[in-house]
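*Asks:* File model-v5.csv follows (CSV, C-alpha atoms):
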```csv
chain,number,residue,atom,x,y,z
A,1,MET,CA,-54.0,163.6,58.7
A,2,GLU,CA,-56.6,160.9,58.4
A,3,GLU,CA,-55.0,158.4,60.7
A,4,LEU,CA,-54.9,160.8,63.6
A,5,LYS,CA,-58.4,162.1,63.0
A,6,ASN,CA,-59.8,158.6,62.9
A,7,ARG,CA,-57.9,157.7,66.1
A,8,ILE,CA,-59.3,160.9,67.9
A,9,LEU,CA,-62.8,159.9,66.9
A,10,GLN,CA,-62.2,156.3,68.1
A,11,ASP,CA,-60.2,156.9,71.3
A,12,GLY,CA,-60.4,160.6,72.2
A,13,LYS,CA,-62.7,161.7,75.0
A,14,VAL,CA,-64.4,165.1,74.9
A,15,ILE,CA,-64.8,166.7,78.3
A,16,ASN,CA,-67.3,169.6,78.6
A,17,ASN,CA,-67.0,170.6,74.9
A,18,GLU,CA,-63.6,172.3,75.4
A,19,ILE,CA,-61.1,169.7,76.5
A,20,LEU,CA,-60.1,166.7,74.4
A,21,LYS,CA,-58.5,163.9,76.4
A,22,VAL,CA,-56.1,161.8,74.3
A,23,ASP,CA,-54.2,160.1,77.1
A,24,SER,CA,-54.5,156.6,75.7
A,25,PHE,CA,-52.4,157.4,72.6
A,26,ILE,CA,-50.8,160.9,72.8
A,27,ASN,CA,-49.9,162.1,76.3
A,28,HIS,CA,-49.8,159.4,79.0
A,29,GLN,CA,-49.7,156.3,76.9
A,30,ILE,CA,-48.1,157.0,73.5
A,31,ASP,CA,-48.8,155.0,70.4
A,32,VAL,CA,-45.2,155.0,68.9
A,33,GLU,CA,-46.2,153.9,65.5
A,34,LEU,CA,-48.8,156.7,65.3
A,35,LEU,CA,-46.1,159.1,66.7
A,36,ASN,CA,-43.7,158.1,63.9
A,37,ASN,CA,-46.4,158.8,61.2
A,38,ILE,CA,-47.5,162.1,62.7
A,39,SER,CA,-43.8,163.1,63.0
A,40,SER,CA,-43.2,162.3,59.4
A,41,PHE,CA,-46.3,164.3,58.3
A,42,LEU,CA,-45.3,167.3,60.4
A,43,ALA,CA,-41.6,167.2,59.3
A,44,SER,CA,-42.6,167.2,55.6
A,45,HIS,CA,-43.8,170.8,55.9
A,46,PHE,CA,-40.5,172.3,57.0
A,47,GLU,CA,-36.9,172.4,55.7
A,48,ASN,CA,-33.6,173.9,56.8
A,49,VAL,CA,-34.4,173.4,60.4
A,50,ASN,CA,-31.4,173.4,62.8
A,51,LYS,CA,-33.0,172.6,66.0
A,52,ILE,CA,-36.4,171.6,67.6
A,53,LEU,CA,-37.7,173.5,70.6
A,54,THR,CA,-40.5,172.2,72.8
A,55,ILE,CA,-41.8,172.5,76.4
A,56,GLU,CA,-41.8,169.7,78.9
A,57,THR,CA,-43.6,167.4,79.3
A,58,SER,CA,-45.9,166.1,76.6
A,59,GLY,CA,-44.2,167.8,73.7
A,60,ILE,CA,-40.9,165.9,74.2
A,61,ALA,CA,-42.0,162.6,72.5
A,62,PHE,CA,-43.2,164.3,69.3
A,63,ALA,CA,-40.1,166.6,69.3
A,64,ILE,CA,-37.9,163.6,69.2
A,65,GLY,CA,-40.1,162.1,66.4
A,66,VAL,CA,-39.9,165.2,64.3
A,67,ALA,CA,-36.2,165.7,64.9
A,68,GLN,CA,-35.6,162.1,63.7
A,69,GLN,CA,-37.5,162.8,60.5
A,70,LEU,CA,-35.5,166.0,59.9
A,71,GLY,CA,-32.1,164.2,59.9
A,72,ASN,CA,-31.6,163.7,63.7
A,73,ILE,CA,-31.3,167.3,64.5
A,74,PRO,CA,-31.0,168.3,68.2
A,75,VAL,CA,-34.0,168.8,70.5
A,76,VAL,CA,-34.1,171.4,73.3
A,77,PHE,CA,-36.9,171.3,75.8
A,78,ALA,CA,-37.8,174.4,77.8
A,79,LYS,CA,-38.2,173.6,81.5
A,80,LYS,CA,-40.9,174.8,83.7
A,81,SER,CA,-39.5,176.8,86.6
A,82,LYS,CA,-41.4,177.2,89.9
A,83,SER,CA,-40.6,180.8,90.3
A,84,ALA,CA,-39.7,183.8,88.1
A,85,LEU,CA,-35.9,183.7,88.7
A,86,THR,CA,-33.2,186.1,87.8
A,87,ASP,CA,-30.6,184.0,86.3
A,88,ASN,CA,-28.2,185.4,83.7
A,89,ASN,CA,-27.6,182.0,82.2
A,90,VAL,CA,-31.1,181.3,81.0
A,91,TYR,CA,-33.7,182.8,78.7
A,92,SER,CA,-37.1,182.9,80.4
A,93,ALA,CA,-40.7,183.7,79.4
A,94,GLU,CA,-44.1,183.6,81.1
A,95,VAL,CA,-46.7,181.1,79.8
A,96,LYS,CA,-50.3,181.0,80.7
A,97,SER,CA,-51.6,177.4,80.8
A,98,PHE,CA,-55.0,176.9,79.2
A,99,THR,CA,-55.8,173.7,81.0
A,100,ARG,CA,-54.6,174.7,84.4
A,101,LYS,CA,-55.4,178.4,84.4
A,102,ILE,CA,-52.1,179.4,86.0
A,103,ASN,CA,-49.0,181.2,84.8
A,104,SER,CA,-45.7,179.5,84.8
A,105,THR,CA,-42.2,180.5,83.8
A,106,VAL,CA,-40.3,178.5,81.2
A,107,ILE,CA,-36.6,178.6,80.8
A,108,VAL,CA,-33.9,177.6,78.3
A,109,ASP,CA,-30.2,177.6,79.0
A,110,LYS,CA,-28.6,180.3,76.9
A,111,ARG,CA,-26.0,177.7,75.7
A,112,PHE,CA,-28.6,175.9,73.7
A,113,LEU,CA,-30.0,178.6,71.5
A,114,LYS,CA,-27.5,180.4,69.2
A,115,GLU,CA,-28.0,183.6,67.2
A,116,GLY,CA,-29.2,182.9,63.7
A,117,GLU,CA,-30.3,179.2,64.3
A,118,ASN,CA,-33.5,178.1,62.5
A,119,ILE,CA,-35.8,176.8,65.1
A,120,LEU,CA,-39.0,174.7,64.7
A,121,PHE,CA,-41.4,174.5,67.7
A,122,VAL,CA,-43.1,171.1,68.3
A,123,ASP,CA,-46.0,170.5,70.8
A,124,ASP,CA,-48.8,168.1,71.4
A,125,PHE,CA,-51.6,170.7,71.6
A,126,LEU,CA,-52.3,174.2,70.2
A,127,ALA,CA,-55.2,176.0,72.0
A,128,GLU,CA,-54.7,179.7,72.8
A,129,GLY,CA,-51.1,179.6,71.6
A,130,ASN,CA,-49.6,180.8,74.9
A,131,ALA,CA,-46.9,178.1,75.1
A,132,ALA,CA,-45.7,178.8,71.5
A,133,LEU,CA,-45.8,182.6,72.2
A,134,GLY,CA,-43.6,182.0,75.2
A,135,LEU,CA,-41.1,180.0,73.1
A,136,LEU,CA,-41.2,182.8,70.5
A,137,ASP,CA,-40.3,185.3,73.2
A,138,ILE,CA,-37.4,183.2,74.2
A,139,CYS,CA,-36.2,182.8,70.5
A,140,ASN,CA,-36.5,186.5,70.0
A,141,GLN,CA,-34.2,187.0,73.0
A,142,ALA,CA,-31.8,184.5,71.5
A,143,LYS,CA,-32.1,186.1,68.1
A,144,CYS,CA,-33.0,182.8,66.5
A,145,ASN,CA,-35.2,182.5,63.4
A,146,VAL,CA,-38.5,180.7,64.1
A,147,LEU,CA,-39.6,178.6,61.1
A,148,GLY,CA,-42.9,177.6,62.6
A,149,LEU,CA,-44.9,175.5,64.9
A,150,ALA,CA,-45.6,171.8,64.2
A,151,VAL,CA,-48.4,170.6,66.5
A,152,VAL,CA,-50.2,167.3,66.8
A,153,ILE,CA,-53.7,168.6,67.6
A,154,GLU,CA,-55.0,172.1,67.1
A,155,LYS,CA,-58.2,173.4,68.5
A,156,SER,CA,-58.7,176.2,66.0
A,157,PHE,CA,-61.7,177.7,67.8
A,158,GLN,CA,-59.4,178.9,70.6
A,159,GLY,CA,-57.5,181.4,68.5
A,160,GLY,CA,-53.9,180.2,68.9
A,161,ARG,CA,-53.2,180.1,65.1
A,162,GLU,CA,-54.3,183.7,64.6
A,163,LYS,CA,-52.1,185.0,67.3
A,164,LEU,CA,-49.1,183.0,66.0
A,165,GLU,CA,-49.6,183.8,62.3
A,166,GLU,CA,-49.9,187.5,63.3
A,167,ALA,CA,-46.5,187.1,65.0
A,168,GLY,CA,-45.1,185.6,61.7
A,169,VAL,CA,-45.1,182.0,62.9
A,170,LYS,CA,-46.3,179.3,60.3
A,171,VAL,CA,-48.5,176.7,61.9
A,172,ILE,CA,-48.9,173.1,60.7
A,173,SER,CA,-51.2,170.7,62.6
A,174,ALA,CA,-51.8,167.0,62.1
A,175,ALA,CA,-55.4,167.4,63.1
A,176,SER,CA,-57.4,170.6,63.5
A,177,ILE,CA,-60.6,170.6,65.5
A,178,GLY,CA,-63.0,173.5,64.5
A,179,ASN,CA,-65.5,172.8,67.3
A,180,PHE,CA,-67.2,170.0,69.3
A,181,GLU,CA,-70.8,169.0,68.7
A,182,ASN,CA,-72.5,166.7,71.1
A,183,ASN,CA,-69.1,165.8,72.5
A,184,THR,CA,-67.8,164.8,69.1
A,185,PRO,CA,-64.9,166.7,67.5
A,186,ILE,CA,-65.7,168.4,64.1
A,187,PHE,CA,-62.5,168.7,62.1
A,188,ASP,CA,-61.6,171.8,60.0
B,1,MET,CA,-21.0,151.9,75.2
B,2,GLU,CA,-17.9,153.8,74.1
B,3,GLU,CA,-19.7,156.6,72.2
B,4,LEU,CA,-21.6,157.7,75.4
B,5,LYS,CA,-18.6,157.3,77.7
B,6,ASN,CA,-16.5,159.6,75.4
B,7,ARG,CA,-19.3,162.1,75.2
B,8,ILE,CA,-19.6,162.2,79.0
B,9,LEU,CA,-15.9,162.8,79.3
B,10,GLN,CA,-16.1,165.5,76.7
B,11,ASP,CA,-19.3,167.4,77.6
B,12,GLY,CA,-20.4,166.2,81.0
B,13,LYS,CA,-19.9,168.4,84.0
B,14,VAL,CA,-19.2,166.9,87.4
B,15,ILE,CA,-20.6,168.9,90.3
B,16,ASN,CA,-19.3,168.2,93.8
B,17,ASN,CA,-18.2,164.6,93.0
B,18,GLU,CA,-21.8,163.3,93.2
B,19,ILE,CA,-23.9,165.0,90.4
B,20,LEU,CA,-23.1,164.6,86.8
B,21,LYS,CA,-24.6,167.3,84.6
B,22,VAL,CA,-25.3,166.2,81.0
B,23,ASP,CA,-27.8,168.8,80.0
B,24,SER,CA,-26.1,169.6,76.7
B,25,PHE,CA,-26.8,166.2,75.2
B,26,ILE,CA,-29.2,164.1,77.4
B,27,ASN,CA,-31.7,166.1,79.5
B,28,HIS,CA,-32.2,169.7,78.4
B,29,GLN,CA,-30.7,169.6,74.9
B,30,ILE,CA,-30.9,166.1,73.4
B,31,ASP,CA,-28.4,164.8,70.8
B,32,VAL,CA,-30.9,162.8,68.8
B,33,GLU,CA,-28.3,160.8,66.9
B,34,LEU,CA,-26.7,159.7,70.1
B,35,LEU,CA,-30.2,159.0,71.5
B,36,ASN,CA,-30.8,156.6,68.6
B,37,ASN,CA,-27.5,154.8,69.2
B,38,ILE,CA,-28.1,154.5,72.9
B,39,SER,CA,-31.6,153.3,72.4
B,40,SER,CA,-30.4,150.6,69.9
B,41,PHE,CA,-27.8,149.5,72.5
B,42,LEU,CA,-30.3,149.3,75.3
B,43,ALA,CA,-33.0,147.6,73.3
B,44,SER,CA,-30.6,144.8,72.1
B,45,HIS,CA,-30.5,143.4,75.7
B,46,PHE,CA,-34.2,142.7,75.9
B,47,GLU,CA,-36.9,140.8,74.0
B,48,ASN,CA,-40.6,140.0,74.2
B,49,VAL,CA,-41.3,143.5,75.6
B,50,ASN,CA,-44.9,144.6,75.3
B,51,LYS,CA,-44.6,148.1,76.7
B,52,ILE,CA,-42.1,150.7,77.9
B,53,LEU,CA,-42.7,152.4,81.2
B,54,THR,CA,-40.9,155.6,82.3
B,55,ILE,CA,-41.4,158.6,84.5
B,56,GLU,CA,-41.8,162.1,83.3
B,57,THR,CA,-39.8,164.2,82.3
B,58,SER,CA,-36.3,163.3,81.1
B,59,GLY,CA,-37.0,159.5,80.7
B,60,ILE,CA,-39.5,160.2,77.9
B,61,ALA,CA,-37.2,160.9,75.0
B,62,PHE,CA,-35.2,157.6,75.6
B,63,ALA,CA,-38.4,155.7,76.2
B,64,ILE,CA,-39.5,156.6,72.7
B,65,GLY,CA,-36.1,155.7,71.3
B,66,VAL,CA,-36.0,152.3,72.9
B,67,ALA,CA,-39.7,151.6,72.0
B,68,GLN,CA,-38.9,152.3,68.3
B,69,GLN,CA,-36.0,149.9,68.4
B,70,LEU,CA,-38.3,147.2,69.9
B,71,GLY,CA,-40.8,147.4,67.0
B,72,ASN,CA,-42.7,150.6,67.9
B,73,ILE,CA,-44.3,149.2,71.1
B,74,PRO,CA,-46.3,151.6,73.2
B,75,VAL,CA,-44.7,153.9,75.8
B,76,VAL,CA,-46.4,154.9,79.1
B,77,PHE,CA,-45.0,157.6,81.2
B,78,ALA,CA,-45.9,157.8,84.9
B,79,LYS,CA,-46.9,161.3,85.9
B,80,LYS,CA,-45.8,163.2,89.0
B,81,SER,CA,-48.7,164.1,91.2
B,82,LYS,CA,-48.6,167.0,93.6
B,83,SER,CA,-50.3,165.2,96.4
B,84,ALA,CA,-50.9,161.6,97.5
B,85,LEU,CA,-54.4,161.2,96.1
B,86,THR,CA,-57.0,158.6,96.6
B,87,ASP,CA,-58.1,157.8,93.1
B,88,ASN,CA,-59.4,154.4,92.2
B,89,ASN,CA,-58.5,154.9,88.5
B,90,VAL,CA,-54.7,155.1,89.0
B,91,TYR,CA,-51.9,153.0,90.4
B,92,SER,CA,-49.6,155.2,92.6
B,93,ALA,CA,-46.3,154.9,94.3
B,94,GLU,CA,-44.0,157.1,96.4
B,95,VAL,CA,-40.6,158.0,94.9
B,96,LYS,CA,-37.8,159.7,96.7
B,97,SER,CA,-35.8,162.0,94.4
B,98,PHE,CA,-32.1,161.7,94.8
B,99,THR,CA,-31.3,165.1,93.3
B,100,ARG,CA,-34.1,167.1,95.0
B,101,LYS,CA,-34.3,165.2,98.3
B,102,ILE,CA,-38.1,165.3,98.3
B,103,ASN,CA,-40.7,162.6,98.0
B,104,SER,CA,-43.2,162.7,95.2
B,105,THR,CA,-46.1,160.5,94.2
B,106,VAL,CA,-46.1,159.0,90.7
B,107,ILE,CA,-49.3,157.7,89.1
B,108,VAL,CA,-50.2,155.6,86.1
B,109,ASP,CA,-53.8,155.2,84.9
B,110,LYS,CA,-55.0,151.7,85.4
B,111,ARG,CA,-56.2,151.4,81.8
B,112,PHE,CA,-52.5,151.5,80.6
B,113,LEU,CA,-51.1,148.5,82.5
B,114,LYS,CA,-52.7,145.1,82.0
B,115,GLU,CA,-52.2,141.9,84.0
B,116,GLY,CA,-49.5,139.7,82.4
B,117,GLU,CA,-47.9,142.4,80.2
B,118,ASN,CA,-44.1,142.4,79.9
B,119,ILE,CA,-42.8,145.8,80.9
B,120,LEU,CA,-39.4,147.4,80.4
B,121,PHE,CA,-38.5,150.4,82.4
B,122,VAL,CA,-36.4,153.2,80.7
B,123,ASP,CA,-34.8,156.1,82.4
B,124,ASP,CA,-32.0,158.6,81.9
B,125,PHE,CA,-30.3,158.1,85.3
B,126,LEU,CA,-29.9,155.3,87.9
B,127,ALA,CA,-28.6,156.5,91.2
B,128,GLU,CA,-30.3,155.0,94.3
B,129,GLY,CA,-32.9,153.2,92.3
B,130,ASN,CA,-35.9,154.9,93.9
B,131,ALA,CA,-37.7,155.8,90.6
B,132,ALA,CA,-37.4,152.3,89.3
B,133,LEU,CA,-38.5,150.8,92.7
B,134,GLY,CA,-41.6,153.1,92.5
B,135,LEU,CA,-42.4,151.8,89.0
B,136,LEU,CA,-41.9,148.2,90.2
B,137,ASP,CA,-44.4,148.9,93.0
B,138,ILE,CA,-46.9,150.1,90.4
B,139,CYS,CA,-46.2,147.1,88.1
B,140,ASN,CA,-46.7,144.7,91.0
B,141,GLN,CA,-50.1,146.3,91.7
B,142,ALA,CA,-51.0,145.8,88.1
B,143,LYS,CA,-49.7,142.2,88.1
B,144,CYS,CA,-47.3,143.0,85.1
B,145,ASN,CA,-44.0,141.2,84.5
B,146,VAL,CA,-41.0,143.5,84.8
B,147,LEU,CA,-38.3,142.5,82.3
B,148,GLY,CA,-35.8,145.0,83.5
B,149,LEU,CA,-34.5,148.5,83.6
B,150,ALA,CA,-32.7,150.1,80.6
B,151,VAL,CA,-30.9,153.2,81.8
B,152,VAL,CA,-28.7,155.7,80.0
B,153,ILE,CA,-26.3,156.5,82.8
B,154,GLU,CA,-25.8,154.5,86.0
B,155,LYS,CA,-23.9,155.8,89.0
B,156,SER,CA,-23.1,152.4,90.4
B,157,PHE,CA,-21.6,153.8,93.7
B,158,GLN,CA,-25.1,154.8,94.8
B,159,GLY,CA,-26.4,151.3,95.1
B,160,GLY,CA,-29.5,151.4,92.8
B,161,ARG,CA,-28.5,148.3,90.9
B,162,GLU,CA,-28.1,146.2,94.1
B,163,LYS,CA,-31.6,147.1,95.3
B,164,LEU,CA,-33.1,146.4,91.9
B,165,GLU,CA,-31.3,143.1,91.3
B,166,GLU,CA,-32.4,142.0,94.8
B,167,ALA,CA,-36.0,142.7,93.7
B,168,GLY,CA,-35.4,140.6,90.6
B,169,VAL,CA,-35.0,143.5,88.1
B,170,LYS,CA,-32.3,143.1,85.5
B,171,VAL,CA,-30.4,146.3,84.9
B,172,ILE,CA,-28.6,147.4,81.7
B,173,SER,CA,-26.9,150.7,81.5
B,174,ALA,CA,-25.2,152.4,78.5
B,175,ALA,CA,-22.5,153.9,80.7
B,176,SER,CA,-21.8,153.0,84.3
B,177,ILE,CA,-19.8,155.4,86.6
B,178,GLY,CA,-18.0,153.7,89.5
B,179,ASN,CA,-16.9,156.9,91.1
B,180,PHE,CA,-15.6,160.4,90.4
B,181,GLU,CA,-11.9,161.3,90.9
B,182,ASN,CA,-10.9,165.0,90.7
B,183,ASN,CA,-14.2,165.7,89.1
B,184,THR,CA,-13.7,163.1,86.3
B,185,PRO,CA,-16.0,160.1,85.9
B,186,ILE,CA,-14.3,156.8,86.3
B,187,PHE,CA,-16.3,154.1,84.4
B,188,ASP,CA,-16.9,150.6,85.6
```
Give the structure from this file in structure tokens form.
*Replies:*
Amino acid sequence: MEELKNRILQDGKVINNEILKVDSFINHQIDVELLNNISSFLASHFENVNKILTIETSGIAFAIGVAQQLGNIPVVFAKKSKSALTDNNVYSAEVKSFTRKINSTVIVDKRFLKEGENILFVDDFLAEGNAALGLLDICNQAKCNVLGLAVVIEKSFQGGREKLEEAGVKVISAASIGNFENNTPIFD
Amino acid sequence: MEELKNRILQDGKVINNEILKVDSFINHQIDVELLNNISSFLASHFENVNKILTIETSGIAFAIGVAQQLGNIPVVFAKKSKSALTDNNVYSAEVKSFTRKINSTVIVDKRFLKEGENILFVDDFLAEGNAALGLLDICNQAKCNVLGLAVVIEKSFQGGREKLEEAGVKVISAASIGNFENNTPIFD
């Protein structure tokens, strides 16, 4: 999506050729007009979605945007839990954070995922794919159908797409970065 | 706002006459159609807003909704920081959490609040007002004008509105609960 790529080139900051900082328009300050356009682009690739699933925090804004474009369907956000808890009322999965190098547990109340529902994941970043794999684990426990992952920015050199496609999850990104050269993103 | 009050009566769960659980439509699963309607109601009470300010996590969805209704203005969400840090690049404030009984530090990057900007706070709950007072502290540091707080659910018996109005902050809530009787919310 050209608008997002241009914005990344203009306002993104590349840190050590691995991390892209987009906090001025995606995940600390959010450009809502851009969010609407990204959401419209992402939503156009999916149909028959019953519910959006994301993980707190920075996926929530785009989950709302995509849900609006798909007819105001419900959004569920998985919560980060401090400890691996044994709670019969929630589905839980382990997620390794790429940025923070720690494992965390994410949970979804069992009331909010029903067998047979068509679920679309939404997130701001796709790197190694661990967050989406955690959501897939949860959806498998709930016997939901996962229609795919709609992600704002993909860093394709980190292998997340391969893992997800191998697991049968279709991936659509609004901008995909193949690598960084001299601290500049090179798009796929 | 009648639609929200009816939904609270239908799907909200009152816990020990103090906590109202609305996780099936506000802050774990989000009813996006209801979010749009609440956002429209809240936005109609404010004008000349330059930017929305909220705190992660559950304020973000409604911040996006209100920002869309006000002409797709930018949203900034304050981040929770694990420690009181000394960082010249951020504004920070202490916030006491009503639900969790702990203090936390919230931060906003100085690049995202400019002197003279008209700021509207958005949040899901108003109880004792501590989150909004923290945001007010940050806006005062940044020399922004605070136009008010737009909140989804107010628990007026916990005194947040008084503190905020005393500090000059106009408060608009989509539903205001005066007290609970026999585990049922009584609206103001």
*Asks:* Please report, as JSON lines, each residue of chain A lying at most 7 Å from chain B, together with the nearest pair of atoms and the separation in Å rounded to one decimal; use only C-alpha atoms, and order rows by chain and ascending residue number.
*Replies:*
```
{"residue": "A:His28", "atom": "CA", "partner": "B:Phe77", "partner_atom": "CA", "distance": 5.6}
{"residue": "A:Gln29", "atom": "CA", "partner": "B:Val76", "partner_atom": "CA", "distance": 4.2}
{"residue": "A:Ile30", "atom": "CA", "partner": "B:Val75", "partner_atom": "CA", "distance": 5.1}
{"residue": "A:Asp31", "atom": "CA", "partner": "B:Pro74", "partner_atom": "CA", "distance": 5.1}
{"residue": "A:Val32", "atom": "CA", "partner": "B:Asn72", "partner_atom": "CA", "distance": 5.2}
{"residue": "A:Glu33", "atom": "CA", "partner": "B:Asn72", "partner_atom": "CA", "distance": 5.4}
{"residue": "A:Glu56", "atom": "CA", "partner": "B:Thr57", "partner_atom": "CA", "distance": 6.8}
{"residue": "A:Thr57", "atom": "CA", "partner": "B:Thr57", "partner_atom": "CA", "distance": 5.8}
{"residue": "A:Ile60", "atom": "CA", "partner": "B:Ala61", "partner_atom": "CA", "distance": 6.3}
{"residue": "A:Ala61", "atom": "CA", "partner": "B:Ala61", "partner_atom": "CA", "distance": 5.7}
{"residue": "A:Ile64", "atom": "CA", "partner": "B:Ala61", "partner_atom": "CA", "distance": 6.4}
{"residue": "A:Gln68", "atom": "CA", "partner": "B:Val32", "partner_atom": "CA", "distance": 7.0}
{"residue": "A:Asn72", "atom": "CA", "partner": "B:Val32", "partner_atom": "CA", "distance": 5.2}
{"residue": "A:Ile73", "atom": "CA", "partner": "B:Val32", "partner_atom": "CA", "distance": 6.2}
{"residue": "A:Pro74", "atom": "CA", "partner": "B:Asp31", "partner_atom": "CA", "distance": 5.1}
{"residue": "A:Val75", "atom": "CA", "partner": "B:Ile30", "partner_atom": "CA", "distance": 5.0}
{"residue": "A:Val76", "atom": "CA", "partner": "B:Gln29", "partner_atom": "CA", "distance": 4.2}
{"residue": "A:Phe77", "atom": "CA", "partner": "B:His28", "partner_atom": "CA", "distance": 5.6}
{"residue": "A:Phe112", "atom": "CA", "partner": "B:Gln29", "partner_atom": "CA", "distance": 6.7}
```
*Asks:* I'd like the neighbourhood of region 13-20 of chain B as number ranges by chain, where a residue qualifies if any of its atoms comes within 10 Å (using all atoms listed in the file), though same-chain residues fewer than 2 positions away should be ignored.
*Replies:* B: 8-11, 22-24, 98-99, 125, 127, 153, 155, 157-158, 177, 179-185
*Asks:* Skipping near chain neighbours, those fewer than 4 positions away, what residues fall within 9 Å of Lys5 (chain A) using all atoms listed in the file, listed as a PyMOL selection string?
*Replies:* chain A and resi 1+9-10+174-176+187
*Asks:* Could you pull the residues within 8 Å of Leu164 (chain A), counting all atoms listed in the file, minus those fewer than 6 positions along the same chain, as a PyMOL selection string?
*Replies:* chain A and resi 129+132-133+170-171
*Asks:* Would you mind reading off the distance between CA of Ile107 (chain B) and CA of Asn6 (chain A), one decimal, in Å?
*Replies:*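 A separation of 28.2 Å between them.
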*Asks:* So which residues touch region 135-138 of chain B within 9 Å, counting all atoms listed in the file, skipping near sequence neighbours fewer than 2 positions away, as a ChimeraX atom specification?
*Replies:* /B:53-55,78,91-95,106-108,121,130-133,140-144,146,167,169
*Asks:* CA of Lys21 (chain B) to CA of Ala43 (chain B): how many Å, to one decimal?
*Replies:*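 CA of Ala43 (chain B) lies 24.2 Å from CA of Lys21 (chain B).
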*Asks:* To one decimal in Å, tell me the separation between CA of Ser39 (chain A) and CA of Leu120 (chain A).
*Replies:*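 Between CA of Ser39 (chain A) and CA of Leu120 (chain A) the gap works out to 12.7 Å.
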